[in-house]
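Structure file entry_39.cif; described as mmCIF, C-alpha atoms (C1' of nucleotides).
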```cif
data_start
loop_
_atom_site.label_atom_id
_atom_site.label_comp_id
_atom_site.auth_asym_id
_atom_site.auth_seq_id
_atom_site.Cartn_x
_atom_site.Cartn_y
_atom_site.Cartn_z
CA MET A 1 0.59 -31.45 -1.49
CA PRO A 2 3.54 -31.44 -3.84
CA LYS A 3 5.21 -28.42 -2.42
CA THR A 4 5.70 -24.93 -3.72
CA LEU A 5 5.54 -24.91 -7.48
CA PRO A 6 7.82 -22.39 -9.18
CA VAL A 7 6.68 -19.46 -7.07
CA LEU A 8 5.62 -16.36 -9.05
CA ILE A 9 2.17 -16.40 -7.55
CA ASP A 10 1.42 -12.77 -8.21
CA ALA A 11 3.34 -11.74 -11.26
CA SER A 12 1.96 -12.21 -14.74
CA PRO A 13 4.24 -12.47 -17.82
CA LEU A 14 6.11 -9.21 -17.88
CA CYS A 15 3.99 -6.71 -19.76
CA CYS A 16 3.48 -3.86 -21.35
CA THR A 17 3.84 -1.03 -23.81
CA PRO A 18 5.66 2.02 -22.44
CA LEU A 19 3.50 4.42 -20.45
CA GLY A 20 4.22 7.19 -22.90
CA SER A 21 2.85 5.39 -25.92
CA THR A 22 -0.34 6.77 -27.33
CA ASP A 23 -2.17 3.58 -26.37
CA PRO A 24 -4.20 3.57 -23.20
CA LEU A 25 -3.27 1.04 -20.54
CA SER A 26 -5.60 -1.96 -20.25
CA GLU A 27 -6.92 -2.82 -16.83
CA ALA A 28 -5.07 -6.14 -16.95
CA ASP A 29 -1.74 -4.55 -17.84
CA ALA A 30 -2.27 -1.85 -15.25
CA LEU A 31 -2.88 -4.48 -12.60
CA ALA A 32 0.19 -6.49 -13.55
CA LEU A 33 2.40 -3.44 -13.53
CA ALA A 34 0.94 -2.18 -10.27
CA LEU A 35 1.77 -5.51 -8.63
CA ARG A 36 5.43 -5.15 -9.55
CA LEU A 37 5.56 -1.53 -8.50
CA LYS A 38 3.86 -2.30 -5.21
CA ALA A 39 6.48 -4.91 -4.45
CA LEU A 40 9.20 -2.28 -4.86
CA ALA A 41 7.29 0.57 -3.24
CA ASP A 42 8.59 0.10 0.27
CA PRO A 43 11.76 1.59 1.73
CA VAL A 44 12.82 -1.62 3.42
CA ARG A 45 12.38 -3.68 0.27
CA LEU A 46 14.25 -1.11 -1.79
CA ARG A 47 17.17 -1.30 0.59
CA LEU A 48 17.12 -5.08 0.50
CA VAL A 49 17.30 -5.06 -3.28
CA ALA A 50 20.03 -2.43 -3.36
CA PHE A 51 22.03 -4.36 -0.78
CA ILE A 52 21.85 -7.58 -2.75
CA LEU A 53 22.81 -5.76 -5.95
CA ALA A 54 25.82 -4.28 -4.19
CA GLN A 55 27.24 -7.66 -3.18
CA ALA A 56 30.19 -8.93 -5.17
CA ASP A 57 28.48 -12.25 -5.86
CA LEU A 58 25.11 -10.57 -6.39
CA GLU A 59 23.43 -12.56 -3.67
CA ALA A 60 22.86 -12.29 0.05
CA CYS A 61 21.58 -14.53 2.79
CA THR A 62 18.83 -13.69 5.23
CA CYS A 63 21.38 -13.71 8.01
CA ASP A 64 23.08 -10.67 6.46
CA LEU A 65 19.96 -8.92 5.24
CA ALA A 66 18.11 -8.81 8.55
CA PRO A 67 20.89 -7.05 10.47
CA TYR A 68 21.38 -4.65 7.60
CA VAL A 69 17.84 -3.30 7.68
CA GLY A 70 17.58 -3.60 11.45
CA LEU A 71 14.28 -5.45 11.62
CA THR A 72 13.37 -8.83 13.04
CA ASP A 73 13.88 -12.00 11.02
CA PRO A 74 10.15 -12.62 10.50
CA THR A 75 9.64 -9.13 9.12
CA VAL A 76 12.54 -9.47 6.73
CA SER A 77 11.26 -12.86 5.65
CA HIS A 78 7.94 -11.26 4.91
CA HIS A 79 9.52 -8.60 2.70
CA LEU A 80 11.67 -11.13 0.89
CA LYS A 81 8.63 -13.26 0.21
CA ARG A 82 6.81 -10.30 -1.29
CA LEU A 83 9.72 -9.54 -3.58
CA GLU A 84 9.94 -13.17 -4.58
CA SER A 85 6.23 -13.40 -5.29
CA ALA A 86 6.54 -10.41 -7.59
CA GLY A 87 9.31 -12.12 -9.50
CA ILE A 88 11.95 -9.64 -8.40
CA LEU A 89 14.01 -11.99 -6.23
CA ALA A 90 14.88 -15.67 -6.53
CA LYS A 91 15.69 -17.75 -3.47
CA GLU A 92 17.94 -20.74 -3.07
CA ARG A 93 18.56 -22.77 0.03
CA ARG A 94 22.13 -23.88 0.70
CA GLY A 95 22.58 -25.75 3.91
CA MET A 96 21.10 -23.89 6.79
CA ASN A 97 21.05 -20.58 4.99
CA VAL A 98 18.82 -19.17 2.29
CA PHE A 99 20.32 -16.94 -0.37
CA TYR A 100 18.47 -14.39 -2.43
CA ARG A 101 19.49 -12.87 -5.71
CA VAL A 102 17.93 -10.18 -7.85
CA ILE A 103 16.32 -10.95 -11.19
CA PRO A 104 17.59 -7.87 -13.03
CA GLU A 105 15.22 -8.25 -15.96
CA ALA A 106 12.22 -7.85 -13.66
CA ILE A 107 13.42 -4.48 -12.43
CA HIS A 108 14.60 -3.38 -15.80
CA ALA A 109 11.24 -4.21 -17.33
CA ILE A 110 9.66 -1.69 -14.99
CA SER A 111 12.30 0.85 -15.91
CA ARG A 112 11.47 0.44 -19.58
CA VAL A 113 7.74 0.90 -19.08
CA LEU A 114 8.45 4.12 -17.19
CA ASP A 115 10.92 5.43 -19.76
CA LEU A 116 9.07 8.29 -21.45
CA THR A 117 11.78 9.28 -23.90
CA GLY A 118 10.31 8.42 -27.25
CA GLY A 119 6.67 8.42 -26.14
CA MET B 120 4.88 30.90 -15.80
CA PRO B 121 2.22 32.18 -13.44
CA LYS B 122 0.29 29.91 -11.27
CA THR B 123 0.50 26.71 -9.25
CA LEU B 124 3.29 26.88 -6.78
CA PRO B 125 5.06 23.57 -6.76
CA VAL B 126 2.75 21.71 -4.31
CA LEU B 127 5.15 18.80 -3.64
CA ILE B 128 4.02 17.97 -0.12
CA ASP B 129 5.30 14.42 0.01
CA ALA B 130 8.07 14.27 -2.51
CA SER B 131 11.60 15.27 -1.61
CA PRO B 132 14.04 16.62 -4.22
CA LEU B 133 14.29 13.92 -6.80
CA CYS B 134 16.95 11.50 -5.61
CA CYS B 135 19.08 9.05 -5.99
CA THR B 136 21.90 6.98 -7.37
CA PRO B 137 20.77 4.08 -9.57
CA LEU B 138 19.76 0.94 -7.71
CA GLY B 139 22.47 -1.02 -9.45
CA SER B 140 25.33 1.13 -8.22
CA THR B 141 27.60 -0.46 -5.69
CA ASP B 142 26.48 2.05 -3.08
CA PRO B 143 23.87 0.98 -0.61
CA LEU B 144 20.65 2.97 -0.47
CA SER B 145 20.30 5.34 2.48
CA GLU B 146 17.14 5.16 4.50
CA ALA B 147 16.23 8.68 3.45
CA ASP B 148 16.70 7.98 -0.25
CA ALA B 149 14.81 4.71 0.09
CA LEU B 150 11.92 6.54 1.71
CA ALA B 151 11.80 9.22 -0.96
CA LEU B 152 11.90 6.70 -3.76
CA ALA B 153 9.30 4.50 -2.08
CA LEU B 154 6.94 7.48 -1.88
CA ARG B 155 7.13 8.01 -5.61
CA LEU B 156 6.75 4.34 -6.37
CA LYS B 157 3.80 4.03 -4.02
CA ALA B 158 2.04 6.84 -5.83
CA LEU B 159 2.37 4.93 -9.11
CA ALA B 160 1.74 1.49 -7.65
CA ASP B 161 -1.99 1.40 -8.20
CA PRO B 162 -3.80 0.20 -11.32
CA VAL B 163 -6.22 3.10 -11.34
CA ARG B 164 -3.49 5.70 -10.98
CA LEU B 165 -1.42 4.04 -13.69
CA ARG B 166 -4.35 4.22 -16.07
CA LEU B 167 -4.96 7.86 -15.18
CA VAL B 168 -1.35 8.72 -15.98
CA ALA B 169 -1.37 6.73 -19.22
CA PHE B 170 -4.63 8.36 -20.27
CA ILE B 171 -3.29 11.85 -19.71
CA LEU B 172 -0.08 11.02 -21.57
CA ALA B 173 -2.13 9.74 -24.50
CA GLN B 174 -4.02 13.01 -24.92
CA ALA B 175 -2.94 15.21 -27.79
CA ASP B 176 -2.54 18.25 -25.54
CA LEU B 177 -1.01 16.13 -22.77
CA GLU B 178 -3.65 17.11 -20.26
CA ALA B 179 -7.06 15.91 -19.15
CA CYS B 180 -9.85 17.22 -16.97
CA THR B 181 -11.45 15.37 -14.10
CA CYS B 182 -14.66 15.24 -16.07
CA ASP B 183 -12.97 12.98 -18.64
CA LEU B 184 -10.83 11.00 -16.24
CA ALA B 185 -13.58 9.81 -13.93
CA PRO B 186 -15.69 8.20 -16.67
CA TYR B 187 -12.59 6.64 -18.15
CA VAL B 188 -11.67 4.68 -15.05
CA GLY B 189 -15.28 4.05 -14.10
CA LEU B 190 -15.11 5.20 -10.49
CA THR B 191 -16.91 7.96 -8.62
CA ASP B 192 -15.67 11.53 -8.74
CA PRO B 193 -14.49 11.57 -5.11
CA THR B 194 -12.42 8.45 -5.62
CA VAL B 195 -10.79 9.83 -8.74
CA SER B 196 -10.12 13.09 -6.94
CA HIS B 197 -8.40 11.11 -4.22
CA HIS B 198 -6.13 9.35 -6.70
CA LEU B 199 -5.32 12.57 -8.52
CA LYS B 200 -4.40 14.21 -5.26
CA ARG B 201 -2.05 11.37 -4.42
CA LEU B 202 -0.32 11.70 -7.77
CA GLU B 203 -0.06 15.44 -7.35
CA SER B 204 1.36 15.14 -3.84
CA ALA B 205 4.04 12.84 -5.20
CA GLY B 206 4.99 15.40 -7.82
CA ILE B 207 3.82 13.27 -10.71
CA LEU B 208 0.88 15.42 -11.79
CA ALA B 209 0.30 19.17 -11.84
CA LYS B 210 -3.18 20.62 -11.64
CA GLU B 211 -4.60 23.80 -13.05
CA ARG B 212 -8.09 25.18 -12.70
CA ARG B 213 -9.68 26.74 -15.77
CA GLY B 214 -13.21 27.91 -15.29
CA MET B 215 -15.34 25.22 -13.82
CA ASN B 216 -12.97 22.43 -14.75
CA VAL B 217 -9.65 21.25 -13.36
CA PHE B 218 -6.99 20.00 -15.74
CA TYR B 219 -4.15 17.69 -14.88
CA ARG B 220 -0.95 17.15 -16.76
CA VAL B 221 1.95 14.77 -16.21
CA ILE B 222 5.36 15.96 -15.06
CA PRO B 223 7.43 13.66 -17.27
CA GLU B 224 10.67 14.23 -15.39
CA ALA B 225 9.15 12.78 -12.24
CA ILE B 226 8.34 9.51 -13.93
CA HIS B 227 11.54 9.42 -15.86
CA ALA B 228 13.55 9.93 -12.70
CA ILE B 229 12.09 6.70 -11.36
CA SER B 230 12.90 4.97 -14.62
CA ARG B 231 16.52 6.03 -14.34
CA VAL B 232 16.90 4.78 -10.79
CA LEU B 233 15.54 1.42 -11.87
CA ASP B 234 17.74 1.19 -14.94
CA LEU B 235 20.28 -1.50 -14.09
CA THR B 236 22.25 -1.40 -17.32
CA GLY B 237 25.62 -0.13 -16.29
CA GLY B 238 25.35 -1.07 -12.62
"C1'" DC C 239 -28.10 37.31 -5.59
"C1'" DG C 240 -29.59 32.55 -6.71
"C1'" DA C 241 -29.73 28.39 -9.52
"C1'" DC C 242 -26.61 25.32 -11.39
"C1'" DC C 243 -22.45 22.61 -12.47
"C1'" DT C 244 -17.93 20.65 -11.46
"C1'" DA C 245 -14.52 19.19 -8.20
"C1'" DT C 246 -12.91 18.31 -3.61
"C1'" DT C 247 -13.39 17.29 1.29
"C1'" DT C 248 -15.43 14.71 5.06
"C1'" DG C 249 -16.99 10.60 7.25
"C1'" DA C 250 -17.66 5.74 7.26
"C1'" DT C 251 -16.25 1.10 6.12
"C1'" DA C 252 -13.75 -2.86 4.59
"C1'" DT C 253 -9.43 -4.34 3.31
"C1'" DC C 254 -4.56 -4.49 3.03
"C1'" DC C 255 0.10 -3.98 5.08
"C1'" DG C 256 4.25 -3.68 8.22
"C1'" DT C 257 5.72 -5.16 12.45
"C1'" DC C 258 6.74 -8.22 16.34
"C1'" DA C 259 6.57 -12.44 19.42
"C1'" DA C 260 5.76 -17.16 19.56
"C1'" DA C 261 5.44 -21.42 17.22
"C1'" DT C 262 7.02 -24.32 13.44
"C1'" DA C 263 10.01 -26.01 9.72
"C1'" DA C 264 14.52 -27.20 7.61
"C1'" DT C 265 19.16 -28.36 8.17
"C1'" DC C 266 23.47 -29.52 10.21
"C1'" DT C 267 26.35 -31.76 13.88
"C1'" DG C 268 27.40 -34.59 17.73
"C1'" DC D 269 18.13 -39.49 17.56
"C1'" DA D 270 18.86 -35.09 20.30
"C1'" DG D 271 20.37 -30.50 20.34
"C1'" DA D 272 21.61 -26.33 18.01
"C1'" DT D 273 21.05 -22.88 14.38
"C1'" DT D 274 18.77 -20.45 10.69
"C1'" DA D 275 14.54 -19.28 8.25
"C1'" DT D 276 9.61 -19.15 7.68
"C1'" DT D 277 4.79 -19.31 9.20
"C1'" DT D 278 1.09 -18.00 12.34
"C1'" DG D 279 -1.45 -14.79 15.10
"C1'" DA D 280 -2.22 -10.33 16.71
"C1'" DC D 281 -2.35 -5.36 16.35
"C1'" DG D 282 -2.06 -0.61 14.78
"C1'" DG D 283 -1.86 2.19 10.82
"C1'" DA D 284 -2.59 3.09 5.93
"C1'" DT D 285 -5.73 3.01 1.85
"C1'" DA D 286 -9.40 2.46 -1.72
"C1'" DT D 287 -14.02 3.19 -2.12
"C1'" DC D 288 -18.58 5.38 -1.80
"C1'" DA D 289 -22.30 8.73 -0.25
"C1'" DA D 290 -23.19 13.07 1.61
"C1'" DA D 291 -21.70 17.61 2.46
"C1'" DT D 292 -18.93 21.53 0.97
"C1'" DA D 293 -16.21 24.60 -1.96
"C1'" DG D 294 -15.15 26.96 -6.38
"C1'" DG D 295 -16.92 28.98 -10.46
"C1'" DT D 296 -20.46 30.34 -14.29
"C1'" DC D 297 -24.47 32.48 -15.87
"C1'" DG D 298 -29.30 33.91 -15.54
#
```
Let me see the file written as structure tokens.
Amino acid sequence: MPKTLPVLIDASPLCCTPLGSTDPLSEADALALALRLKALADPVRLRLVAFILAQADLEACTCDLAPYVGLTDPTVSHHLKRLESAGILAKERRGMNVFYRVIPEAIHAISRVLDLTGG
Amino acid sequence: MPKTLPVLIDASPLCCTPLGSTDPLSEADALALALRLKALADPVRLRLVAFILAQADLEACTCDLAPYVGLTDPTVSHHLKRLESAGILAKERRGMNVFYRVIPEAIHAISRVLDLTGG
DNA sequence: CGACCTATTTGATATCCGTCAAATAATCTG
DNA sequence: CAGATTATTTGACGGATATCAAATAGGTCG
């Protein structure tokens, strides 16, 4: 097999009209949004994202992330993979290390959907 | 205002500094935020919230919500309870029916934490 | 009170999820 | 190539969760 195509296995385009609009939420849009929210809805993953965002170069390697959250490497890898699958993180291998950075638009898109001012 | 004492069993105050700030996220804040996000991170619950927000009087009774999402009454009750425990919905009994309304500030608080503009 | 209606709780079940240890992969260096 | 280092995958396990049917609670009206 040709190897991992672009990733984003779970996440659909980016979706949807703000929650506060007078339109109901289609099942498809609800599912897509729920997938993103689920990826963020874990204390460990939230801390991983916040940690990466707090770095000067806006990226962090697994070797720094695992000690920070105090869990084993496999567990941290699992969380990072979930965030990547949801389109929230992007990974890049450099030498022996793997670096992750946040895709701000993914998080901000969620923020916009949940912004009720103007509904 | 008479009625319904605050009911927030799960949800702590309201928390926290925006994700994009240079501060890391404490474990406690991460947990509190994750609880809120988890409550929203389900397609059925998202559609329930959107449906209520779309009503003219900004509330809906279980009798309308259950048919809308196409699940059994007990299942819908379960989801509504989860949303209420997270401080996202407030319930009020009137006669034989129970009405739910959204607490906009709860949702908007999440939106603000996830707003990265200005981080 | 008793029949009836709406909503929630209880119990059961199948699935998903977070975690770790052990095995495997990817890369660098000698 | 062999050894060392970092990261991910696999396998296992306990705990959470979404769902339904059946039982129960809350409330109205005859």
Can you superpose chain B onto chain A by least squares over all C-alpha atoms paired in order and give the moved copy as a PDB file with C-alpha atoms, in the frame of the given file?
```pdb
ATOM      1  CA  MET B 120      17.051 -26.613 -12.872  1.00  0.00           C
ATOM      2  CA  PRO B 121      15.464 -28.480  -9.995  1.00  0.00           C
ATOM      3  CA  LYS B 122      13.656 -26.729  -7.301  1.00  0.00           C
ATOM      4  CA  THR B 123      11.436 -23.749  -6.554  1.00  0.00           C
ATOM      5  CA  LEU B 124       8.402 -23.777  -8.724  1.00  0.00           C
ATOM      6  CA  PRO B 125       7.753 -20.272  -9.901  1.00  0.00           C
ATOM      7  CA  VAL B 126       5.790 -19.006  -6.845  1.00  0.00           C
ATOM      8  CA  LEU B 127       4.390 -15.873  -8.549  1.00  0.00           C
ATOM      9  CA  ILE B 128       1.182 -15.565  -6.556  1.00  0.00           C
ATOM     10  CA  ASP B 129       0.525 -11.902  -7.200  1.00  0.00           C
ATOM     11  CA  ALA B 130       2.317 -11.118 -10.396  1.00  0.00           C
ATOM     12  CA  SER B 131       0.689 -11.703 -13.755  1.00  0.00           C
ATOM     13  CA  PRO B 132       2.744 -12.433 -16.890  1.00  0.00           C
ATOM     14  CA  LEU B 133       5.011  -9.480 -17.272  1.00  0.00           C
ATOM     15  CA  CYS B 134       3.079  -6.846 -19.189  1.00  0.00           C
ATOM     16  CA  CYS B 135       2.791  -4.098 -20.936  1.00  0.00           C
ATOM     17  CA  THR B 136       3.339  -1.529 -23.627  1.00  0.00           C
ATOM     18  CA  PRO B 137       5.545   1.391 -22.565  1.00  0.00           C
ATOM     19  CA  LEU B 138       3.767   4.159 -20.688  1.00  0.00           C
ATOM     20  CA  GLY B 139       4.697   6.640 -23.370  1.00  0.00           C
ATOM     21  CA  SER B 140       2.981   4.795 -26.192  1.00  0.00           C
ATOM     22  CA  THR B 141      -0.107   6.423 -27.570  1.00  0.00           C
ATOM     23  CA  ASP B 142      -2.214   3.533 -26.315  1.00  0.00           C
ATOM     24  CA  PRO B 143      -4.075   3.978 -23.090  1.00  0.00           C
ATOM     25  CA  LEU B 144      -3.331   1.557 -20.274  1.00  0.00           C
ATOM     26  CA  SER B 145      -5.956  -1.123 -19.663  1.00  0.00           C
ATOM     27  CA  GLU B 146      -7.194  -1.586 -16.149  1.00  0.00           C
ATOM     28  CA  ALA B 147      -5.732  -5.075 -16.059  1.00  0.00           C
ATOM     29  CA  ASP B 148      -2.297  -3.950 -17.214  1.00  0.00           C
ATOM     30  CA  ALA B 149      -2.403  -1.024 -14.804  1.00  0.00           C
ATOM     31  CA  LEU B 150      -3.183  -3.390 -11.955  1.00  0.00           C
ATOM     32  CA  ALA B 151      -0.387  -5.780 -12.849  1.00  0.00           C
ATOM     33  CA  LEU B 152       2.140  -3.003 -13.163  1.00  0.00           C
ATOM     34  CA  ALA B 153       0.969  -1.364  -9.943  1.00  0.00           C
ATOM     35  CA  LEU B 154       1.520  -4.648  -8.098  1.00  0.00           C
ATOM     36  CA  ARG B 155       5.130  -4.770  -9.184  1.00  0.00           C
ATOM     37  CA  LEU B 156       5.714  -1.131  -8.406  1.00  0.00           C
ATOM     38  CA  LYS B 157       4.098  -1.470  -5.000  1.00  0.00           C
ATOM     39  CA  ALA B 158       6.449  -4.301  -4.148  1.00  0.00           C
ATOM     40  CA  LEU B 159       9.429  -2.045  -4.884  1.00  0.00           C
ATOM     41  CA  ALA B 160       7.932   1.110  -3.414  1.00  0.00           C
ATOM     42  CA  ASP B 161       9.326   0.737   0.070  1.00  0.00           C
ATOM     43  CA  PRO B 162      12.695   1.980   1.317  1.00  0.00           C
ATOM     44  CA  VAL B 163      13.468  -1.211   3.184  1.00  0.00           C
ATOM     45  CA  ARG B 164      12.656  -3.429   0.224  1.00  0.00           C
ATOM     46  CA  LEU B 165      14.696  -1.235  -2.102  1.00  0.00           C
ATOM     47  CA  ARG B 166      17.698  -1.581   0.167  1.00  0.00           C
ATOM     48  CA  LEU B 167      17.216  -5.341   0.375  1.00  0.00           C
ATOM     49  CA  VAL B 168      17.210  -5.607  -3.411  1.00  0.00           C
ATOM     50  CA  ALA B 169      20.228  -3.325  -3.790  1.00  0.00           C
ATOM     51  CA  PHE B 170      22.112  -5.278  -1.140  1.00  0.00           C
ATOM     52  CA  ILE B 171      21.487  -8.586  -2.858  1.00  0.00           C
ATOM     53  CA  LEU B 172      22.491  -7.137  -6.226  1.00  0.00           C
ATOM     54  CA  ALA B 173      25.727  -5.867  -4.694  1.00  0.00           C
ATOM     55  CA  GLN B 174      26.789  -9.308  -3.483  1.00  0.00           C
ATOM     56  CA  ALA B 175      29.468 -11.039  -5.501  1.00  0.00           C
ATOM     57  CA  ASP B 176      27.392 -14.204  -5.872  1.00  0.00           C
ATOM     58  CA  LEU B 177      24.209 -12.180  -6.401  1.00  0.00           C
ATOM     59  CA  GLU B 178      22.451 -13.764  -3.463  1.00  0.00           C
ATOM     60  CA  ALA B 179      22.087 -13.166   0.253  1.00  0.00           C
ATOM     61  CA  CYS B 180      20.707 -15.062   3.212  1.00  0.00           C
ATOM     62  CA  THR B 181      18.171 -13.749   5.675  1.00  0.00           C
ATOM     63  CA  CYS B 182      20.820 -13.869   8.353  1.00  0.00           C
ATOM     64  CA  ASP B 183      22.772 -11.150   6.518  1.00  0.00           C
ATOM     65  CA  LEU B 184      19.816  -9.143   5.298  1.00  0.00           C
ATOM     66  CA  ALA B 185      18.134  -8.583   8.641  1.00  0.00           C
ATOM     67  CA  PRO B 186      21.177  -7.015  10.324  1.00  0.00           C
ATOM     68  CA  TYR B 187      21.790  -4.900   7.261  1.00  0.00           C
ATOM     69  CA  VAL B 188      18.439  -3.152   7.366  1.00  0.00           C
ATOM     70  CA  GLY B 189      18.314  -3.127  11.149  1.00  0.00           C
ATOM     71  CA  LEU B 190      14.848  -4.598  11.597  1.00  0.00           C
ATOM     72  CA  THR B 191      13.633  -7.755  13.305  1.00  0.00           C
ATOM     73  CA  ASP B 192      13.697 -11.088  11.522  1.00  0.00           C
ATOM     74  CA  PRO B 193       9.903 -11.327  11.177  1.00  0.00           C
ATOM     75  CA  THR B 194       9.711  -7.915   9.565  1.00  0.00           C
ATOM     76  CA  VAL B 195      12.451  -8.736   7.092  1.00  0.00           C
ATOM     77  CA  SER B 196      10.764 -12.035   6.328  1.00  0.00           C
ATOM     78  CA  HIS B 197       7.594 -10.118   5.582  1.00  0.00           C
ATOM     79  CA  HIS B 198       9.357  -7.821   3.130  1.00  0.00           C
ATOM     80  CA  LEU B 199      11.147 -10.698   1.442  1.00  0.00           C
ATOM     81  CA  LYS B 200       7.878 -12.513   1.014  1.00  0.00           C
ATOM     82  CA  ARG B 201       6.330  -9.473  -0.616  1.00  0.00           C
ATOM     83  CA  LEU B 202       9.201  -9.223  -3.069  1.00  0.00           C
ATOM     84  CA  GLU B 203       8.979 -12.914  -3.818  1.00  0.00           C
ATOM     85  CA  SER B 204       5.224 -12.773  -4.366  1.00  0.00           C
ATOM     86  CA  ALA B 205       5.769  -9.998  -6.882  1.00  0.00           C
ATOM     87  CA  GLY B 206       8.259 -12.126  -8.777  1.00  0.00           C
ATOM     88  CA  ILE B 207      11.195  -9.901  -7.949  1.00  0.00           C
ATOM     89  CA  LEU B 208      13.068 -12.319  -5.696  1.00  0.00           C
ATOM     90  CA  ALA B 209      13.499 -16.089  -5.740  1.00  0.00           C
ATOM     91  CA  LYS B 210      14.209 -18.020  -2.575  1.00  0.00           C
ATOM     92  CA  GLU B 211      16.117 -21.209  -2.020  1.00  0.00           C
ATOM     93  CA  ARG B 212      16.679 -23.088   1.199  1.00  0.00           C
ATOM     94  CA  ARG B 213      20.131 -24.538   1.808  1.00  0.00           C
ATOM     95  CA  GLY B 214      20.562 -26.229   5.127  1.00  0.00           C
ATOM     96  CA  MET B 215      19.453 -24.021   7.926  1.00  0.00           C
ATOM     97  CA  ASN B 216      19.621 -20.850   5.880  1.00  0.00           C
ATOM     98  CA  VAL B 217      17.423 -19.366   3.176  1.00  0.00           C
ATOM     99  CA  PHE B 218      19.032 -17.527   0.290  1.00  0.00           C
ATOM    100  CA  TYR B 219      17.385 -14.943  -1.891  1.00  0.00           C
ATOM    101  CA  ARG B 220      18.430 -13.779  -5.299  1.00  0.00           C
ATOM    102  CA  VAL B 221      17.066 -11.087  -7.594  1.00  0.00           C
ATOM    103  CA  ILE B 222      15.236 -11.901 -10.812  1.00  0.00           C
ATOM    104  CA  PRO B 223      16.748  -9.127 -12.927  1.00  0.00           C
ATOM    105  CA  GLU B 224      14.208  -9.427 -15.723  1.00  0.00           C
ATOM    106  CA  ALA B 225      11.409  -8.525 -13.339  1.00  0.00           C
ATOM    107  CA  ILE B 226      13.022  -5.246 -12.414  1.00  0.00           C
ATOM    108  CA  HIS B 227      14.145  -4.520 -15.905  1.00  0.00           C
ATOM    109  CA  ALA B 228      10.645  -5.060 -17.226  1.00  0.00           C
ATOM    110  CA  ILE B 229       9.471  -2.215 -15.016  1.00  0.00           C
ATOM    111  CA  SER B 230      12.332  -0.071 -16.239  1.00  0.00           C
ATOM    112  CA  ARG B 231      11.289  -0.642 -19.829  1.00  0.00           C
ATOM    113  CA  VAL B 232       7.674   0.287 -19.218  1.00  0.00           C
ATOM    114  CA  LEU B 233       8.816   3.517 -17.615  1.00  0.00           C
ATOM    115  CA  ASP B 234      11.269   4.356 -20.371  1.00  0.00           C
ATOM    116  CA  LEU B 235       9.677   7.274 -22.205  1.00  0.00           C
ATOM    117  CA  THR B 236      12.360   7.772 -24.827  1.00  0.00           C
ATOM    118  CA  GLY B 237      10.661   6.885 -28.046  1.00  0.00           C
ATOM    119  CA  GLY B 238       7.101   7.406 -26.831  1.00  0.00           C
TER     120      GLY B 238
END
```
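What the PyMOL selection byres ((chain C) within 12 of (chain B)) matches in the given file is C:DC242, C:DC243, C:DT244, C:DA245, C:DT246, C:DT247, C:DT248.
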Discussion item. I need the output of the PyMOL selection byres ((chain B) within 9 of (chain A)) for this file as a PyMOL selection string; which residues are they?
Written reply: chain B and resi 138-170+172-175+223-224+226-236+238
Discussion item. Can you translate the PyMOL selection byres ((chain D) within 9 of (chain B)) into the concrete residues it hits in this file, as a PyMOL selection string?
Written reply: chain D and resi 286-288+294-296
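When atom CA of A:Thr17 is paired with atom CA of B:Lys210, their separation reads 25.8 Å.
From atom CA of A:Arg82 back to atom C1' of C:DT251, the distance works out to 26.8 Å.
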Extending 3 Å beyond the listed atoms of stretch 229-233 of chain B on each side, what axis-aligned box results? I want centre and edge lengths in Å to one decimal, as JSON.
```
{"center_x": 14.5, "center_y": 4.1, "center_z": -12.7, "size_x": 10.8, "size_y": 11.3, "size_z": 9.8}
```
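Put simply, atom C1' of C:DA263 is 10.4 Å away from atom C1' of D:DT274.
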Completion step: stretch 208-216 of chain B with N, CA and C atoms as a PDB file, in the coordinates of the input:
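Wrote result-v8.pdb, looks like this:
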```pdb
ATOM      1  N   LEU B 208       1.832  14.621 -11.025  1.00  0.00           N
ATOM      2  CA  LEU B 208       0.880  15.420 -11.790  1.00  0.00           C
ATOM      3  C   LEU B 208       0.899  16.861 -11.313  1.00  0.00           C
ATOM      4  N   ALA B 209       0.517  17.771 -12.206  1.00  0.00           N
ATOM      5  CA  ALA B 209       0.300  19.170 -11.840  1.00  0.00           C
ATOM      6  C   ALA B 209      -1.130  19.517 -12.214  1.00  0.00           C
ATOM      7  N   LYS B 210      -1.791  20.274 -11.370  1.00  0.00           N
ATOM      8  CA  LYS B 210      -3.180  20.620 -11.640  1.00  0.00           C
ATOM      9  C   LYS B 210      -3.311  22.090 -11.974  1.00  0.00           C
ATOM     10  N   GLU B 211      -4.336  22.406 -12.710  1.00  0.00           N
ATOM     11  CA  GLU B 211      -4.600  23.800 -13.050  1.00  0.00           C
ATOM     12  C   GLU B 211      -6.100  23.971 -13.250  1.00  0.00           C
ATOM     13  N   ARG B 212      -6.653  24.936 -12.572  1.00  0.00           N
ATOM     14  CA  ARG B 212      -8.090  25.180 -12.700  1.00  0.00           C
ATOM     15  C   ARG B 212      -8.333  26.150 -13.840  1.00  0.00           C
ATOM     16  N   ARG B 213      -9.276  25.831 -14.698  1.00  0.00           N
ATOM     17  CA  ARG B 213      -9.680  26.740 -15.770  1.00  0.00           C
ATOM     18  C   ARG B 213     -11.204  26.749 -15.799  1.00  0.00           C
ATOM     19  N   GLY B 214     -11.766  27.825 -15.347  1.00  0.00           N
ATOM     20  CA  GLY B 214     -13.210  27.910 -15.290  1.00  0.00           C
ATOM     21  C   GLY B 214     -13.754  26.899 -14.297  1.00  0.00           C
ATOM     22  N   MET B 215     -14.733  26.164 -14.731  1.00  0.00           N
ATOM     23  CA  MET B 215     -15.340  25.220 -13.820  1.00  0.00           C
ATOM     24  C   MET B 215     -14.589  23.898 -13.779  1.00  0.00           C
ATOM     25  N   ASN B 216     -13.665  23.711 -14.687  1.00  0.00           N
ATOM     26  CA  ASN B 216     -12.970  22.430 -14.750  1.00  0.00           C
ATOM     27  C   ASN B 216     -11.564  22.504 -14.176  1.00  0.00           C
TER      28      ASN B 216
END
```
